[in-house]
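The file model_32.txt contains compact mmCIF, C-alpha atoms:
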```
# COMPACT_ATOMS: atom_id res chain seq x y z
CA MET W 101 -19.29 -0.27 42.52
CA GLY W 102 -16.38 -1.64 40.50
CA LEU W 103 -15.21 -5.19 40.26
CA ALA W 104 -13.10 -6.57 43.08
CA HIS W 105 -10.39 -7.85 40.74
CA GLU W 106 -9.57 -6.12 37.54
CA HIS W 107 -8.77 -8.85 35.05
CA ASP W 108 -6.43 -8.26 32.12
CA MET W 109 -9.49 -8.80 29.92
CA HIS W 110 -11.15 -5.70 31.36
CA LYS W 111 -8.09 -3.62 30.64
CA ARG W 112 -8.11 -4.81 27.03
CA ARG W 113 -11.83 -4.16 26.76
CA PHE W 114 -11.40 -0.65 28.13
CA GLY W 115 -8.55 -0.01 25.70
CA ARG W 116 -10.68 -1.23 22.85
CA ASN W 117 -13.65 0.90 23.82
CA LEU W 118 -11.44 3.94 24.24
CA GLY W 119 -9.88 3.29 20.82
CA VAL W 120 -13.27 2.98 19.12
CA GLY W 121 -14.54 6.09 20.93
CA LEU W 122 -11.55 8.19 19.89
CA THR W 123 -11.77 6.91 16.31
CA LEU W 124 -15.44 7.88 16.09
CA ALA W 125 -14.72 11.29 17.61
CA ALA W 126 -11.96 11.80 15.04
CA PHE W 127 -14.38 10.80 12.26
CA VAL W 128 -16.93 13.36 13.44
CA GLY W 129 -14.17 15.97 13.52
CA ILE W 130 -13.15 15.09 9.95
CA VAL W 131 -16.68 15.34 8.57
CA PHE W 132 -17.18 18.65 10.37
CA GLY W 133 -13.84 19.97 9.12
CA MET W 134 -14.66 18.94 5.55
CA THR W 135 -18.00 20.71 5.79
CA VAL W 136 -16.38 23.91 7.03
CA VAL W 137 -13.81 23.87 4.20
CA LYS W 138 -16.42 23.17 1.53
CA VAL W 139 -18.84 25.82 2.78
CA LYS W 140 -16.07 28.42 2.99
CA ARG W 141 -14.94 27.66 -0.55
CA GLY W 142 -18.54 27.88 -1.74
CA ASP W 143 -18.53 24.38 -3.27
CA GLU W 144 -21.72 23.13 -4.91
CA MET W 145 -23.25 20.86 -2.29
CA ARG W 146 -26.88 20.53 -3.31
CA SER W 147 -27.89 17.00 -4.14
CA TYR W 148 -28.28 16.27 -7.82
CA GLU W 149 -32.07 16.05 -7.82
CA LYS W 150 -32.39 19.45 -6.14
CA ILE W 151 -30.80 21.12 -9.16
CA SER W 152 -33.10 22.31 -11.97
CA PRO W 153 -33.05 20.19 -15.16
CA ALA W 154 -31.57 23.09 -17.14
CA GLU W 155 -28.69 23.43 -14.72
CA GLN W 156 -28.13 19.67 -14.72
CA GLY W 157 -27.76 19.85 -18.50
CA ARG W 158 -25.24 22.68 -18.21
CA ARG W 159 -23.21 20.73 -15.70
CA ILE W 160 -23.03 17.69 -17.96
CA VAL W 161 -21.85 19.86 -20.86
CA GLN W 162 -19.19 21.42 -18.63
CA MET K 198 -17.91 -24.51 25.02
CA SER K 199 -19.25 -21.13 24.17
CA ASP K 200 -17.70 -18.84 21.61
CA THR K 201 -16.77 -16.36 24.34
CA SER K 202 -14.71 -18.85 26.28
CA ILE K 203 -12.72 -19.77 23.17
CA ARG K 204 -11.82 -16.15 22.63
CA ILE K 205 -10.76 -15.58 26.21
CA ASP K 206 -8.49 -18.62 25.99
CA ALA K 207 -6.78 -17.16 22.95
CA GLY K 208 -6.46 -13.76 24.62
CA GLU K 209 -9.17 -11.24 23.85
CA ALA K 210 -8.26 -8.74 21.17
CA GLY K 211 -7.19 -5.25 22.14
CA PHE K 212 -7.58 -2.20 19.93
CA GLY K 213 -4.03 -2.71 18.66
CA ASP K 214 -4.97 -6.12 17.26
CA TYR K 215 -7.70 -4.58 15.14
CA PHE K 216 -5.30 -1.86 14.05
CA ALA K 217 -2.76 -4.55 13.10
CA LEU K 218 -5.36 -5.94 10.67
CA LEU K 219 -4.78 -2.83 8.59
CA LYS K 220 -1.08 -3.68 8.07
CA PRO K 221 0.29 -0.38 9.44
CA ARG K 222 3.73 -0.85 7.85
CA VAL K 223 2.26 -1.22 4.38
CA MET K 224 -0.06 1.68 5.18
CA SER K 225 2.89 3.98 5.91
CA LEU K 226 4.19 3.37 2.36
CA VAL K 227 0.70 4.03 0.99
CA VAL K 228 0.47 7.30 2.95
CA PHE K 229 3.85 8.47 1.68
CA THR K 230 3.36 7.63 -2.01
CA ALA K 231 -0.25 8.91 -2.06
CA LEU K 232 0.90 12.14 -0.45
CA VAL K 233 3.63 12.57 -3.05
CA GLY K 234 1.13 11.88 -5.85
CA LEU K 235 -1.18 14.53 -4.45
CA VAL K 236 1.47 17.17 -3.74
CA VAL K 237 3.31 16.93 -7.08
CA ALA K 238 0.06 17.36 -9.04
CA PRO K 239 -0.20 20.75 -10.78
CA VAL K 240 -3.52 21.56 -9.07
CA PRO K 241 -3.34 23.04 -5.55
CA VAL K 242 -5.44 21.24 -2.92
CA HIS K 243 -6.72 22.69 0.35
CA PRO K 244 -4.47 21.29 3.12
CA PHE K 245 -7.36 19.81 5.07
CA ILE K 246 -8.86 18.16 1.98
CA ALA K 247 -5.38 16.81 1.15
CA PHE K 248 -5.06 15.40 4.67
CA VAL K 249 -8.50 13.77 4.54
CA SER K 250 -7.83 12.35 1.06
CA VAL K 251 -4.54 10.75 2.08
CA LEU K 252 -6.13 9.46 5.28
CA PHE K 253 -8.92 7.68 3.44
CA ILE K 254 -6.59 6.34 0.76
CA ALA K 255 -4.64 4.85 3.69
CA VAL K 256 -7.82 3.50 5.30
CA GLY K 257 -8.79 1.90 1.97
CA GLY K 258 -5.34 0.33 1.72
CA GLY K 259 -5.66 -0.88 5.31
CA ALA K 260 -9.10 -2.32 4.63
CA SER K 261 -7.73 -4.37 1.74
CA GLY K 262 -5.04 -5.59 4.15
CA ALA K 263 -7.76 -6.78 6.55
CA LEU K 264 -9.55 -8.58 3.70
CA ASN K 265 -6.24 -10.16 2.72
CA MET K 266 -5.79 -11.44 6.28
CA TRP K 267 -9.35 -12.79 6.23
CA TYR K 268 -8.76 -14.78 3.07
CA ASP K 269 -5.15 -15.82 3.70
CA ALA K 270 -5.47 -16.91 7.34
CA ASP K 271 -4.48 -20.49 6.38
CA ILE K 272 -1.29 -19.37 4.58
CA ASP K 273 -0.39 -16.86 7.30
CA ALA K 274 -0.60 -19.58 9.98
CA ARG K 275 2.05 -21.62 8.16
CA MET K 276 4.61 -18.86 7.61
CA LYS K 277 7.01 -17.70 10.31
CA ARG K 278 6.82 -14.10 9.15
CA THR K 279 3.02 -13.91 9.42
CA ARG K 280 2.18 -16.42 12.16
CA GLY K 281 1.82 -13.70 14.80
CA ARG K 282 -0.85 -11.76 12.85
CA PRO K 283 -4.15 -11.24 14.70
CA VAL K 284 -6.18 -13.85 12.77
CA PRO K 285 -3.75 -16.83 12.72
CA SER K 286 -2.87 -16.19 16.39
CA GLY K 287 -6.58 -16.42 17.27
CA ARG K 288 -7.03 -12.97 18.78
CA VAL K 289 -9.36 -11.80 16.02
CA THR K 290 -11.77 -14.12 14.19
CA ARG K 291 -11.83 -14.39 10.41
CA GLU K 292 -15.41 -13.08 10.38
CA GLU K 293 -14.36 -9.96 12.28
CA ALA K 294 -11.50 -9.34 9.86
CA PHE K 295 -13.93 -9.69 6.94
CA ALA K 296 -16.51 -7.34 8.49
CA ILE K 297 -13.90 -4.70 9.32
CA GLY K 298 -12.37 -4.98 5.84
CA ILE K 299 -15.67 -4.58 4.01
CA ALA K 300 -16.97 -1.79 6.24
CA LEU K 301 -13.76 0.23 6.08
CA SER K 302 -13.47 -0.28 2.30
CA ALA K 303 -16.93 1.15 1.71
CA MET K 304 -16.35 4.00 4.12
CA ALA K 305 -12.96 4.91 2.64
CA VAL K 306 -14.27 4.96 -0.94
CA ILE K 307 -17.34 7.06 -0.11
CA MET K 308 -15.40 9.50 2.07
CA LEU K 309 -12.67 9.94 -0.57
CA GLY K 310 -15.39 10.61 -3.14
CA LEU K 311 -16.97 13.25 -0.92
CA ALA K 312 -13.67 14.83 0.13
CA ALA K 313 -11.94 14.89 -3.27
CA ASN K 314 -13.79 13.49 -6.28
CA PHE K 315 -15.25 10.27 -7.60
CA VAL K 316 -12.43 9.56 -10.06
CA ALA K 317 -10.08 9.15 -7.09
CA ALA K 318 -12.75 7.17 -5.22
CA GLY K 319 -13.27 4.89 -8.24
CA LEU K 320 -9.51 4.26 -8.47
CA LEU K 321 -9.41 3.42 -4.76
CA ALA K 322 -12.32 1.00 -5.14
CA PHE K 323 -10.57 -0.62 -8.10
CA THR K 324 -7.33 -0.91 -6.11
CA ILE K 325 -9.11 -2.69 -3.25
CA PHE K 326 -10.89 -5.00 -5.70
CA PHE K 327 -7.63 -5.69 -7.53
CA TYR K 328 -5.67 -6.49 -4.38
CA VAL K 329 -8.34 -8.62 -2.74
CA VAL K 330 -10.00 -10.42 -5.64
CA ILE K 331 -7.45 -10.48 -8.48
CA TYR K 332 -4.32 -10.84 -6.35
CA THR K 333 -5.26 -12.48 -3.04
CA MET K 334 -8.07 -14.76 -4.15
CA TRP K 335 -7.03 -15.60 -7.66
CA LEU K 336 -3.40 -15.18 -8.66
CA LYS K 337 -1.38 -15.45 -5.44
CA ARG K 338 -1.88 -19.19 -5.08
CA TRP K 339 -1.85 -19.91 -8.77
CA THR K 340 1.06 -18.27 -10.58
CA PRO K 341 4.69 -17.45 -9.74
CA GLN K 342 4.07 -14.08 -11.41
CA ASN K 343 1.86 -13.24 -8.37
CA ILE K 344 4.32 -10.61 -7.19
CA VAL K 345 4.22 -8.79 -10.51
CA ILE K 346 0.41 -8.58 -10.41
CA GLY K 347 0.29 -7.82 -6.68
CA GLY K 348 2.77 -5.00 -7.25
CA ALA K 349 0.16 -3.21 -9.34
CA ALA K 350 -2.10 -2.89 -6.29
CA GLY K 351 0.73 -1.28 -4.33
CA ALA K 352 1.48 1.03 -7.23
CA PHE K 353 -1.94 2.68 -7.37
CA PRO K 354 -1.71 5.05 -4.33
CA PRO K 355 0.28 7.84 -6.05
CA MET K 356 -2.18 7.67 -8.95
CA ILE K 357 -5.08 8.00 -6.51
CA GLY K 358 -3.36 10.94 -4.82
CA TRP K 359 -2.84 12.58 -8.22
CA ALA K 360 -6.49 11.95 -9.14
CA ALA K 361 -7.63 13.43 -5.81
CA ALA K 362 -5.91 16.68 -6.82
CA THR K 363 -6.56 16.80 -10.57
CA GLY K 364 -9.70 14.68 -10.99
CA GLY K 365 -8.01 12.61 -13.68
CA ILE K 366 -5.06 10.53 -14.82
CA GLY K 367 -1.91 11.96 -16.41
CA LEU K 368 1.37 10.77 -17.91
CA GLU K 369 3.10 11.71 -14.68
CA SER K 370 0.75 9.67 -12.51
CA VAL K 371 1.14 6.67 -14.82
CA LEU K 372 4.93 6.99 -14.53
CA MET K 373 4.73 7.03 -10.73
CA PHE K 374 2.58 3.91 -10.97
CA LEU K 375 5.15 2.25 -13.25
CA ILE K 376 8.05 3.04 -10.91
CA ILE K 377 6.42 1.15 -8.03
CA PHE K 378 5.01 -1.54 -10.32
CA MET K 379 8.41 -2.41 -11.83
CA TRP K 380 10.22 -1.98 -8.52
CA THR K 381 8.08 -4.48 -6.59
CA PRO K 382 9.27 -7.73 -8.28
CA PRO K 383 13.03 -7.23 -7.75
CA HIS K 384 12.34 -5.94 -4.23
CA PHE K 385 10.23 -8.94 -3.27
CA TRP K 386 12.21 -11.60 -5.10
CA ALA K 387 15.36 -10.47 -3.32
CA LEU K 388 13.47 -11.12 -0.06
CA CYS K 389 12.41 -14.55 -1.38
CA LEU K 390 16.02 -15.48 -2.07
CA PHE K 391 16.76 -15.45 1.65
CA MET K 392 13.26 -16.26 3.03
CA ASN K 393 12.43 -19.13 0.69
CA ASP K 394 11.49 -21.75 3.30
CA ASP K 395 8.45 -19.78 4.43
CA TYR K 396 6.77 -19.79 1.04
CA THR K 397 7.65 -23.41 0.36
CA ARG K 398 5.96 -24.39 3.62
CA ALA K 399 2.85 -22.35 2.81
CA GLY K 400 2.60 -23.74 -0.72
CA VAL K 401 2.61 -20.29 -2.33
CA PRO K 402 4.09 -20.57 -5.83
CA MET K 403 7.00 -18.17 -5.51
CA LEU K 404 9.37 -17.84 -8.43
CA THR K 405 12.21 -19.18 -6.29
CA VAL K 406 10.17 -22.32 -5.57
CA THR K 407 8.73 -22.97 -9.02
CA HIS K 408 11.57 -21.89 -11.32
CA GLY K 409 14.57 -21.95 -9.01
CA ARG K 410 16.95 -19.33 -7.75
CA ARG K 411 18.97 -19.01 -10.94
CA THR K 412 15.86 -17.86 -12.84
CA THR K 413 14.86 -15.56 -10.00
CA ARG K 414 18.24 -13.84 -10.11
CA ALA K 415 17.84 -13.34 -13.87
CA HIS K 416 14.34 -11.93 -13.36
CA ILE K 417 15.61 -9.45 -10.76
CA LEU K 418 18.21 -8.18 -13.22
CA VAL K 419 15.70 -7.86 -16.09
CA TYR K 420 13.24 -5.88 -13.97
CA ALA K 421 16.00 -3.64 -12.62
CA LEU K 422 17.09 -2.91 -16.20
CA LEU K 423 13.53 -2.19 -17.34
CA LEU K 424 12.84 -0.01 -14.32
CA ALA K 425 15.86 2.27 -14.82
CA PRO K 426 14.66 4.09 -17.99
CA VAL K 427 11.17 4.59 -16.52
CA ALA K 428 12.54 6.01 -13.27
CA VAL K 429 15.13 8.24 -14.95
CA GLY K 430 12.73 9.26 -17.74
CA THR K 431 10.32 10.71 -15.19
CA ALA K 432 12.89 13.50 -14.68
CA PHE K 433 11.88 14.95 -18.06
CA THR K 434 8.17 15.26 -17.28
CA GLY K 435 6.31 17.99 -15.41
CA ILE K 436 7.06 16.48 -12.01
CA GLY K 437 10.81 15.94 -12.57
CA GLY K 438 13.78 18.27 -12.52
CA PRO K 439 17.57 18.40 -12.21
CA LEU K 440 17.59 17.27 -8.59
CA TYR K 441 15.35 14.29 -9.31
CA LEU K 442 17.47 13.42 -12.36
CA THR K 443 20.66 13.39 -10.28
CA VAL K 444 19.12 11.33 -7.48
CA SER K 445 17.48 8.91 -9.90
CA LEU K 446 20.69 8.37 -11.92
CA ALA K 447 22.66 7.62 -8.77
CA LEU K 448 20.04 5.27 -7.32
CA ASN K 449 19.61 3.40 -10.61
CA VAL K 450 23.32 2.88 -11.09
CA ILE K 451 23.55 1.32 -7.62
CA PHE K 452 20.34 -0.69 -8.11
CA VAL K 453 21.33 -2.15 -11.48
CA SER K 454 24.86 -2.94 -10.34
CA GLY K 455 23.41 -4.63 -7.25
CA ALA K 456 21.10 -6.71 -9.45
CA LEU K 457 24.06 -7.57 -11.69
CA LYS K 458 25.99 -8.75 -8.66
CA LEU K 459 23.08 -10.97 -7.56
CA TRP K 460 22.85 -12.39 -11.07
CA LYS K 461 26.55 -13.29 -11.12
CA ARG K 462 26.44 -15.03 -7.74
CA ASP K 463 25.63 -18.69 -7.35
CA GLU K 464 23.91 -20.36 -4.41
CA LYS K 465 27.15 -21.67 -2.98
CA ALA K 466 28.61 -18.20 -2.65
CA ALA K 467 25.31 -16.83 -1.33
CA ARG K 468 25.00 -19.50 1.35
CA ALA K 469 28.65 -19.07 2.31
CA ASP K 470 28.15 -15.46 3.39
CA GLY K 471 24.57 -15.87 4.68
CA TYR K 472 22.89 -14.15 1.67
CA ARG K 473 24.67 -10.91 2.50
CA ALA K 474 24.40 -9.37 -0.98
CA GLU K 475 20.73 -10.38 -1.24
CA ARG K 476 19.93 -8.78 2.10
CA ARG K 477 21.79 -5.62 1.17
CA PHE K 478 20.02 -5.43 -2.19
CA PHE K 479 16.66 -5.81 -0.43
CA ALA K 480 17.52 -3.07 2.08
CA PHE K 481 18.74 -0.80 -0.69
CA SER K 482 15.55 -1.34 -2.69
CA LEU K 483 13.64 0.42 0.11
CA ILE K 484 16.02 3.38 -0.04
CA TYR K 485 15.64 3.35 -3.83
CA LEU K 486 11.88 3.81 -3.75
CA PHE K 487 11.89 6.24 -0.86
CA GLY K 488 14.65 8.27 -2.55
CA HIS K 489 12.74 8.63 -5.81
CA PHE K 490 9.51 9.77 -4.19
CA LEU K 491 11.31 12.07 -1.78
CA ALA K 492 13.11 13.65 -4.74
CA LEU K 493 9.75 14.20 -6.46
CA LEU K 494 8.45 15.85 -3.32
CA VAL K 495 11.47 18.16 -3.10
CA GLU K 496 11.11 19.04 -6.80
CA ALA K 497 7.50 20.04 -6.14
CA ALA K 498 8.64 22.27 -3.27
CA LEU K 499 11.34 23.81 -5.49
CA ARG K 500 8.82 24.44 -8.27
CA HIS K 501 6.55 26.06 -5.74
CA ALA K 502 9.43 28.36 -4.76
CA GLY K 503 10.07 29.14 -8.44
CA TRP K 504 13.18 26.98 -8.87
CA GLY K 505 12.02 24.37 -11.38
CA TRP K 506 13.69 23.33 -14.68
CA ILE K 507 15.00 26.54 -16.27
```

As structure tokens, please, write out the structure in this file.
Amino acid sequence: MGLAHEHDMHKRRFGRNLGVGLTLAAFVGIVFGMTVVKVKRGDEMRSYEKISPAEQGRRIVQ
Amino acid sequence: MSDTSIRIDAGEAGFGDYFALLKPRVMSLVVFTALVGLVVAPVPVHPFIAFVSVLFIAVGGGASGALNMWYDADIDARMKRTRGRPVPSGRVTREEAFAIGIALSAMAVIMLGLAANFVAAGLLAFTIFFYVVIYTMWLKRWTPQNIVIGGAAGAFPPMIGWAAATGGIGLESVLMFLIIFMWTPPHFWALCLFMNDDYTRAGVPMLTVTHGRRTTRAHILVYALLLAPVAVGTAFTGIGGPLYLTVSLALNVIFVSGALKLWKRDEKAARADGYRAERRFFAFSLIYLFGHFLALLVEAALRHAGWGWI
């Protein structure tokens, strides 16, 4: 059951929660989009320690 | 009285109040100049990566705005122009502004690093540090040259945009930095000439307060004269072209003649017509900056279509 009187405070709170929710959703979308672009381009995305020492050396020289 | 009741008295913050912490008007300038810096760079960027880069440069700029409001709440409360900001009006606490500023700064820097590269991210981190620590905490309350130093923070976005595309710094990106850097003092001092009371009340050492209006007028002219060769000279680099040269020449002639007019005027004449020339110079300074960066953007489009310098 909802509150009998909706106070202005509740409206603000709802607006704030909606804003935060949409912002987080947009952030998830951005990270997902970035991942898609980087995978499609074939960017190097292994973490540094997963790369063999020889390859690490080559990368530094490059 | 509990903390909650205090906040309800002051009017609980809505989402817009938190957004206002990021200084959206300043952010729009950051978005535009960063975008130009990124687009004019000779390295093509994937549109989505470009969008994300500009977005996080803007978030980083906004975060430094929030940190500025956290530190300057006392000054903001005393100035008419800034009294309605979320912190001085009591809708958002200083601690919240600080937390949002720090969290968004870290997020923006890391995300820009992941989206583009860590040279751009490093520049963004330095910009935030420069604006918050060097300008806001240290120089703003201490020297009348505060505007000159603060202008540097505002001048970094096109360099960050350029770095996001190229992974480095070039002559062109330094020139874009210099245009904004040299433009900021005359732009802001013109505002001070007709908004002086605010800064006097807040105790911020503005040039108009510490050295008088005569000196300020001279400073505006000197900066306008120094800015002109930098702005026009950019036409002869990789990002310039005939269109930019034409636009820049026209804008600089108007800007320098406007500064000359301000320099020739005395306070009596200025007060008599309600600082009309000063207001017009200030308004034109916005067109000046926008015009230059728009021209750079158009030049990039023309180059892309194969119509660059012949």

Task: Residues within 8 Å of Asp395 in chain K, only C-alpha atoms, excluding chain neighbours under 6 positions, as an NGL selection string - done: :K and (275-278)

With C-alpha atoms retained, write the just-selected residues as a short mmCIF file (atom, residue, chain, number, x, y, z; two decimals), in the coordinates of the input.
```cif
data_model
loop_
_atom_site.label_atom_id
_atom_site.label_comp_id
_atom_site.auth_asym_id
_atom_site.auth_seq_id
_atom_site.Cartn_x
_atom_site.Cartn_y
_atom_site.Cartn_z
CA ARG K 275 2.05 -21.62 8.16
CA MET K 276 4.61 -18.86 7.61
CA LYS K 277 7.01 -17.70 10.31
CA ARG K 278 6.82 -14.10 9.15
#
```

- [ ] Select, from K:Ile246, K:Ser225, K:Ala428, K:Gly351, the residue with the minimum atom-to-atom distance to Val136 in chain W, counting all atoms listed in the file.
- [x]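 Once distances to Val136 in chain W are computed over all atoms listed in the file, the minimum belongs to K:Ile246.
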
Using all atoms listed in the file, find each residue of chain K with at least one atom at most 10 Å away from an atom of chain W; report its shortest atom-to-atom pair and that distance in Å (one decimal), sort the rows by chain and rising residue number, and return the result as a Markdown table.
```
| residue | atom | partner | partner_atom | distance |
| --- | --- | --- | --- | --- |
| K:Ile205 | CA | W:Met109 | CA | 7.8 |
| K:Gly208 | CA | W:Met109 | CA | 7.9 |
| K:Glu209 | CA | W:Met109 | CA | 6.5 |
| K:Ala210 | CA | W:Arg112 | CA | 7.1 |
| K:Gly211 | CA | W:Arg112 | CA | 5.0 |
| K:Phe212 | CA | W:Arg116 | CA | 4.4 |
| K:Gly213 | CA | W:Arg116 | CA | 8.0 |
| K:Asp214 | CA | W:Arg116 | CA | 9.4 |
| K:Tyr215 | CA | W:Arg116 | CA | 8.9 |
| K:Phe216 | CA | W:Gly119 | CA | 9.7 |
| K:His243 | CA | W:Val137 | CA | 8.2 |
| K:Pro244 | CA | W:Val137 | CA | 9.7 |
| K:Phe245 | CA | W:Met134 | CA | 7.4 |
| K:Ile246 | CA | W:Met134 | CA | 6.9 |
| K:Phe248 | CA | W:Ile130 | CA | 9.7 |
| K:Val249 | CA | W:Ile130 | CA | 7.3 |
| K:Met308 | CA | W:Val131 | CA | 8.8 |
| K:Leu311 | CA | W:Met134 | CA | 8.9 |
| K:Ala312 | CA | W:Met134 | CA | 6.9 |
```

Task: Between CA of Trp380 in chain K and CA of Leu483 in chain K, distance in Å (one decimal) - done: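 Rounded to one decimal, the two atoms are 9.6 Å apart.
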
Open item on the list: Using Å and a single decimal, report how far CA of Val223 in chain K sits from CA of Pro241 in chain K.
Closed with: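 A separation of 26.8 Å between them.
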
Task: Computed interatomic separation between CA of Trp267 in chain K and CA of Gly347 in chain K (Å) - done: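 Separation between CA of Trp267 in chain K and CA of Gly347 in chain K: 16.9 Å.
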
Task: Ref. answer, residues at most 6 Å from (2.4, 9.1, -11.9) with all atoms listed in the file, as a list in words - done: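 Result, sorted by chain then residue number: Met356, Glu369, Ser370, Val371, Leu372, Met373 and Phe374 of chain K.
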
Open item on the list: Applying 6 Å and all atoms listed in the file, which residues near range 292-305 of chain K remain after dropping the ones on its own chain fewer than 6 positions away? List them as a list in words.
Closed with: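 Everything that qualifies: Phe253, Val256, Gly257, Ala260, Ala263, Leu264 and Trp267 of chain K.
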
Open item on the list: Show me the residues close to (10.2, 21.6, -6.0) - anything with an atom within 10 Å, counting only C-alpha atoms - and format the list as a PyMOL selection string.
Closed with: chain K and resi 237+436-438+440-441+492-506

If I wrap all listed atoms of range 263-280 of chain K in a box with edges along x, y and z and add 6 Å on each side, what are its centre and edge lengths in Å to one decimal, as JSON?
```
{"center_x": -1.3, "center_y": -14.2, "center_z": 7.4, "size_x": 28.6, "size_y": 26.8, "size_z": 21.4}
```

Task: Long-range neighbours of Gly310 in chain K as a ChimeraX atom specification, 12 Å cut-off, all atoms listed in the file, 3 positions minimum in chain - done: /K:246,249-250,253-254,303-307,313-322,357,360-362,364

Open item on the list: Please list as an MDAnalysis selection string every residue within 7 Å of Leu459 in chain K, counting only C-alpha atoms and excluding residues in the same chain fewer than 4 positions away.
Closed with: chainID K and resid 414 455 474:475

Starting from the sparse input, extend range 451-467 of chain K to N, CA and C atoms and give the output as a PDB file, in the frame of the given file.
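Result written to out38.pdb:
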```
ATOM      1  N   ILE K 451      23.317   2.237  -8.744  1.00  0.00           N
ATOM      2  CA  ILE K 451      23.550   1.320  -7.620  1.00  0.00           C
ATOM      3  C   ILE K 451      22.606   0.111  -7.710  1.00  0.00           C
ATOM      4  N   PHE K 452      21.341   0.380  -8.062  1.00  0.00           N
ATOM      5  CA  PHE K 452      20.340  -0.690  -8.110  1.00  0.00           C
ATOM      6  C   PHE K 452      20.679  -1.718  -9.191  1.00  0.00           C
ATOM      7  N   VAL K 453      21.019  -1.222 -10.379  1.00  0.00           N
ATOM      8  CA  VAL K 453      21.330  -2.150 -11.480  1.00  0.00           C
ATOM      9  C   VAL K 453      22.628  -2.902 -11.184  1.00  0.00           C
ATOM     10  N   SER K 454      23.608  -2.223 -10.629  1.00  0.00           N
ATOM     11  CA  SER K 454      24.860  -2.940 -10.340  1.00  0.00           C
ATOM     12  C   SER K 454      24.645  -3.972  -9.231  1.00  0.00           C
ATOM     13  N   GLY K 455      23.760  -3.655  -8.285  1.00  0.00           N
ATOM     14  CA  GLY K 455      23.410  -4.630  -7.250  1.00  0.00           C
ATOM     15  C   GLY K 455      22.727  -5.846  -7.851  1.00  0.00           C
ATOM     16  N   ALA K 456      21.810  -5.604  -8.792  1.00  0.00           N
ATOM     17  CA  ALA K 456      21.100  -6.710  -9.450  1.00  0.00           C
ATOM     18  C   ALA K 456      22.070  -7.559 -10.269  1.00  0.00           C
ATOM     19  N   LEU K 457      23.043  -6.864 -10.900  1.00  0.00           N
ATOM     20  CA  LEU K 457      24.060  -7.570 -11.690  1.00  0.00           C
ATOM     21  C   LEU K 457      24.892  -8.490 -10.799  1.00  0.00           C
ATOM     22  N   LYS K 458      25.201  -7.973  -9.623  1.00  0.00           N
ATOM     23  CA  LYS K 458      25.990  -8.750  -8.660  1.00  0.00           C
ATOM     24  C   LYS K 458      25.205  -9.996  -8.220  1.00  0.00           C
ATOM     25  N   LEU K 459      23.916  -9.824  -7.958  1.00  0.00           N
ATOM     26  CA  LEU K 459      23.080 -10.970  -7.560  1.00  0.00           C
ATOM     27  C   LEU K 459      23.026 -12.001  -8.679  1.00  0.00           C
ATOM     28  N   TRP K 460      22.968 -11.500  -9.910  1.00  0.00           N
ATOM     29  CA  TRP K 460      22.850 -12.390 -11.070  1.00  0.00           C
ATOM     30  C   TRP K 460      24.117 -13.231 -11.242  1.00  0.00           C
ATOM     31  N   LYS K 461      25.273 -12.596 -10.946  1.00  0.00           N
ATOM     32  CA  LYS K 461      26.550 -13.290 -11.120  1.00  0.00           C
ATOM     33  C   LYS K 461      26.800 -14.322 -10.026  1.00  0.00           C
ATOM     34  N   ARG K 462      26.183 -14.137  -8.871  1.00  0.00           N
ATOM     35  CA  ARG K 462      26.440 -15.030  -7.740  1.00  0.00           C
ATOM     36  C   ARG K 462      25.747 -16.373  -7.928  1.00  0.00           C
ATOM     37  N   ASP K 463      26.350 -17.422  -7.377  1.00  0.00           N
ATOM     38  CA  ASP K 463      25.630 -18.690  -7.350  1.00  0.00           C
ATOM     39  C   ASP K 463      25.243 -19.004  -5.899  1.00  0.00           C
ATOM     40  N   GLU K 464      24.464 -20.057  -5.736  1.00  0.00           N
ATOM     41  CA  GLU K 464      23.910 -20.360  -4.410  1.00  0.00           C
ATOM     42  C   GLU K 464      24.994 -20.669  -3.383  1.00  0.00           C
ATOM     43  N   LYS K 465      26.078 -21.292  -3.909  1.00  0.00           N
ATOM     44  CA  LYS K 465      27.150 -21.670  -2.980  1.00  0.00           C
ATOM     45  C   LYS K 465      27.752 -20.430  -2.317  1.00  0.00           C
ATOM     46  N   ALA K 466      28.029 -19.447  -3.162  1.00  0.00           N
ATOM     47  CA  ALA K 466      28.610 -18.200  -2.650  1.00  0.00           C
ATOM     48  C   ALA K 466      27.620 -17.490  -1.733  1.00  0.00           C
ATOM     49  N   ALA K 467      26.332 -17.525  -2.112  1.00  0.00           N
ATOM     50  CA  ALA K 467      25.310 -16.830  -1.330  1.00  0.00           C
ATOM     51  C   ALA K 467      25.160 -17.469   0.060  1.00  0.00           C
TER      52      ALA K 467
END
```
